[in-house]
Protein chains: 2
Amino acid sequence: MSMEKTKIATGETRVKGTLQPEPPPRERIIAAARDLFYRHGFHMVGVDAIAEAAGTNKMTLYRHFESKDALIVECLRGLCAEFDTAWDEMAAAHRGDPKGQLLAWLRHVGEWKLSASDRGCALANAAVELSDKDHPARRFIDEQKTAHRDRLVRLCREAKLREPELLADKVFLMCEGARVCLQSVGAKGPAARLVAMLQALVAEHAEARPREARGKRAPRH
Amino acid sequence: MSMEKTKIATGETRVKGTLQPEPPPRERIIAAARDLFYRHGFHMVGVDAIAEAAGTNKMTLYRHFESKDALIVECLRGLCAEFDTAWDEMAAAHRGDPKGQLLAWLRHVGEWKLSASDRGCALANAAVELSDKDHPARRFIDEQKTAHRDRLVRLCREAKLREPELLADKVFLMCEGARVCLQSVGAKGPAARLVAMLQALVAEHAEARPREARGKRAPRH
DNA sequence: GACCTATGTTACTTACCGGTAACATCCAGA
DNA sequence: TCTGGATGTTACCGGTAAGTAACATAGGTC
């Protein structure tokens, strides 16, 4: 709308004077759908709106995707692919240093998509909005979230931290919670100090604390 | 459907032989709507379905509620009223013992609505599903969640715990996260040990730990 | 019995949306 | 230049859902 975009010929667009190749319709559709779905939810976005935002029409959309649901799944798939890529890059940057890798990751997820305009975790939102447990997207969401958690557990274990599963679960819960809070209590709420909380958690689980009664603990002073 | 319910006269229903007064249509509608909305989401439930589940029809529904959106708000309002009532009862049961009150509350929220069939926090879900920030329900949701958090902070402070705001935020995030996780990684996931985590959090903040560098901390042993 | 109010019943309007059909167009490659 | 595959255009179908109108019914009150 605001950015002036002149269609020159198929496959190219002139944006502010520079000539740049335009991705094929399929990719444009996914990009547009991801943006619209994330901002407004699946139910509020019609296929017509997606097609228009992608600079194409409903017919080509249906030539590339069997149905709206199939498009939804494809959007989530692309999202997770990017997420995994980011994780892999983080791992490559801290090869041989699992704890550094973990901290880098926490810093990443602790700051990612936490501004006021964001709408939280796209996957979690999708699970809420697609209430039917048999929806094709639900299986995918469950797999991804579980894989995410497993990866976190593995990392905590490699970092030789105490009670890796418990730590990973704490981290997981806080991250999920932070993204949910965004939409109800705002970005300045509990989510603001997320990174610090996560780092403190890791620090606590780095202490070599001998086995003790769980849940109730005598003050140590 | 399964329970045989015989309509006798207005205001009464015979259920398995016992005669019991029937609540007025308005309350029945709210009850039915709350159940259906929670299980399937706002978009998936039509007003006809609500009216039928309430044992009435669409017209009476619209005689009591201006619109579907108004009904949604009323449902959330009733929900929060019950929630506050539970909190007040908890406070009354532990009068003069803020820490006991806090622990009781944590035990309550840590076990409430966390079974596999549940769909998480109705308020948070509503915020996700009603993506329009101008929706009449959104203001209400934000108020309630903020009030909830404030009450938690106050309780932590009265319990004389260290860094009450930080503790309350941690608790808040974990509770929110647990309910969200339900829908993606299941009830046997990170949410399973929520109560223990919350209790451990309180125990940590009960330790009289002098001011120290935050985030990075030397092992203590 | 007359009356009033709350409720039930039916049918309807309006609108949106997912999905499809038929045809026009355009571009690449031979 | 011809041709074929991908894309654009238009119109349409069928279903669903929010909300309304008009009328029928029943119960309580005087």
# chains A, B, ... in the order shown; residues from 1 in each chain; ligands from 1
>>> closest_atom_pairs(of="chain B", to="chain C", cutoff="10 Å", atoms="only C-alpha atoms (C1' of nucleotides)", output="tab-separated table")
residue	atom	partner	partner_atom	distance
B:Thr10	CA	C:DT7	C1'	9.6
B:Pro25	CA	C:DT7	C1'	9.2
B:Thr56	CA	C:DG8	C1'	7.9
B:Asn57	CA	C:DG8	C1'	7.5
B:Lys58	CA	C:DG8	C1'	9.9
B:Met59	CA	C:DG8	C1'	8.6
B:Thr60	CA	C:DT7	C1'	6.8
B:Arg63	CA	C:DA6	C1'	9.8
>>> interface_residues(of="chain D", to="chain A", cutoff="12 Å", atoms="only C-alpha atoms (C1' of nucleotides)", output="list in words")
DA6, DT7, DG8, DT9 and DT10 of chain D
>>> write_last_selection(atoms="N, CA and C atoms (P, O5', C5', C4', C3', O3' and C1' of nucleotides)", output="PDB file, in the first residue's frame")
ATOM      1  P    DA D   6       2.814 -26.004 -15.154  1.00  0.00           P
ATOM      2  O5'  DA D   6       2.757 -24.489 -14.674  1.00  0.00           O
ATOM      3  C5'  DA D   6       3.880 -23.656 -14.861  1.00  0.00           C
ATOM      4  C4'  DA D   6       3.455 -22.204 -14.764  1.00  0.00           C
ATOM      5  C3'  DA D   6       2.590 -21.887 -13.538  1.00  0.00           C
ATOM      6  O3'  DA D   6       3.103 -20.738 -12.890  1.00  0.00           O
ATOM      7  C1'  DA D   6       1.534 -21.129 -15.509  1.00  0.00           C
ATOM      8  P    DT D   7       2.484 -20.261 -11.541  1.00  0.00           P
ATOM      9  O5'  DT D   7       1.525 -19.070 -12.008  1.00  0.00           O
ATOM     10  C5'  DT D   7       2.091 -17.896 -12.562  1.00  0.00           C
ATOM     11  C4'  DT D   7       1.014 -17.054 -13.205  1.00  0.00           C
ATOM     12  C3'  DT D   7      -0.029 -16.469 -12.252  1.00  0.00           C
ATOM     13  O3'  DT D   7       0.152 -15.061 -12.174  1.00  0.00           O
ATOM     14  C1'  DT D   7      -0.998 -17.267 -14.274  1.00  0.00           C
ATOM     15  P    DG D   8      -0.780 -14.239 -11.169  1.00  0.00           P
ATOM     16  O5'  DG D   8      -1.959 -13.758 -12.127  1.00  0.00           O
ATOM     17  C5'  DG D   8      -1.696 -12.785 -13.126  1.00  0.00           C
ATOM     18  C4'  DG D   8      -2.958 -12.408 -13.878  1.00  0.00           C
ATOM     19  C3'  DG D   8      -4.088 -11.830 -13.010  1.00  0.00           C
ATOM     20  O3'  DG D   8      -4.635 -10.689 -13.648  1.00  0.00           O
ATOM     21  C1'  DG D   8      -4.892 -13.691 -14.254  1.00  0.00           C
ATOM     22  P    DT D   9      -5.645  -9.756 -12.913  1.00  0.00           P
ATOM     23  O5'  DT D   9      -7.061 -10.274 -13.401  1.00  0.00           O
ATOM     24  C5'  DT D   9      -7.277 -10.497 -14.779  1.00  0.00           C
ATOM     25  C4'  DT D   9      -8.739 -10.840 -15.055  1.00  0.00           C
ATOM     26  C3'  DT D   9      -9.722 -10.331 -13.998  1.00  0.00           C
ATOM     27  O3'  DT D   9     -10.736  -9.588 -14.644  1.00  0.00           O
ATOM     28  C1'  DT D   9     -10.070 -12.660 -14.426  1.00  0.00           C
ATOM     29  P    DT D  10     -11.763  -8.706 -13.795  1.00  0.00           P
ATOM     30  O5'  DT D  10     -13.099  -9.554 -13.905  1.00  0.00           O
ATOM     31  C5'  DT D  10     -13.404 -10.202 -15.142  1.00  0.00           C
ATOM     32  C4'  DT D  10     -14.446 -11.285 -14.925  1.00  0.00           C
ATOM     33  C3'  DT D  10     -15.500 -10.954 -13.860  1.00  0.00           C
ATOM     34  O3'  DT D  10     -16.764 -10.805 -14.496  1.00  0.00           O
ATOM     35  C1'  DT D  10     -14.723 -13.209 -13.667  1.00  0.00           C
TER      36       DT D  10
END
>>> closest_atom_pairs(of="chain A", to="chain B", cutoff="8 Å", atoms="only C-alpha atoms", output="CSV")
residue,atom,partner,partner_atom,distance
A:Arg39,CA,B:Ser131,CA,7.4
A:His40,CA,B:Ser131,CA,5.4
A:Gly41,CA,B:Ser131,CA,6.5
A:His43,CA,B:His43,CA,7.2
A:Arg119,CA,B:Val128,CA,7.8
A:Ala124,CA,B:Val180,CA,6.8
A:Asn125,CA,B:Val128,CA,6.1
A:Ala127,CA,B:Gln183,CA,6.3
A:Val128,CA,B:Asn125,CA,6.1
A:Glu129,CA,B:Glu129,CA,6.1
A:Ser131,CA,B:His40,CA,5.4
A:Asp132,CA,B:His40,CA,7.2
A:Arg138,CA,B:Ser184,CA,7.9
A:Ile141,CA,B:Ser184,CA,6.3
A:Asp142,CA,B:Ser184,CA,4.7
A:Glu143,CA,B:Val185,CA,8.0
A:Lys145,CA,B:Val185,CA,6.1
A:Thr146,CA,B:Val185,CA,5.6
A:Asp169,CA,B:Pro190,CA,4.9
A:Lys170,CA,B:Met174,CA,7.4
A:Phe172,CA,B:Pro190,CA,7.4
A:Leu173,CA,B:Gly177,CA,4.5
A:Met174,CA,B:Met174,CA,5.1
A:Cys175,CA,B:Gly177,CA,7.1
A:Glu176,CA,B:Gly177,CA,4.7
A:Gly177,CA,B:Gly177,CA,3.6
A:Ala178,CA,B:Leu173,CA,5.8
A:Val180,CA,B:Ala124,CA,6.8
A:Cys181,CA,B:Glu176,CA,7.3
A:Gln183,CA,B:Ala127,CA,6.3
A:Ser184,CA,B:Asp142,CA,4.7
A:Val185,CA,B:Asp142,CA,5.6
A:Pro190,CA,B:Asp169,CA,4.8
A:Ala191,CA,B:Leu173,CA,7.5
A:Ala196,CA,B:Gly215,CA,6.1
A:Met197,CA,B:Lys170,CA,7.6
A:Gln199,CA,B:Gly215,CA,5.4
A:Ala200,CA,B:Gly215,CA,4.7
A:Ala203,CA,B:Lys216,CA,6.3
A:Ala206,CA,B:Pro219,CA,7.3
A:Glu207,CA,B:Pro219,CA,4.9
A:Ala208,CA,B:His221,CA,6.8
A:Arg209,CA,B:His221,CA,7.0
A:Arg214,CA,B:Ala200,CA,7.5
A:Gly215,CA,B:Ala200,CA,5.0
A:Lys216,CA,B:Ala203,CA,6.6
A:Arg217,CA,B:Ala203,CA,6.5
A:Pro219,CA,B:Glu207,CA,5.0
A:Arg220,CA,B:Glu207,CA,6.5
A:His221,CA,B:Ala208,CA,5.9
>>> atom_distance(atom1="CA of Leu114 (chain A)", atom2="CA of Leu155 (chain B)")
26.9 Å
>>> select_by_dssp(residues="region 15-141 of chain A", states="helix (DSSP H, G or I)", output="number ranges by chain")
A: 25-40, 47-53, 58-64, 68-93, 98-111, 122-129, 136-141
>>> atom_distance(atom1="CA of Cys75 (chain B)", atom2="CA of Arg34 (chain B)")
5.7 Å
>>> atom_distance(atom1="CA of Leu106 (chain A)", atom2="CA of Gly78 (chain A)")
21.8 Å
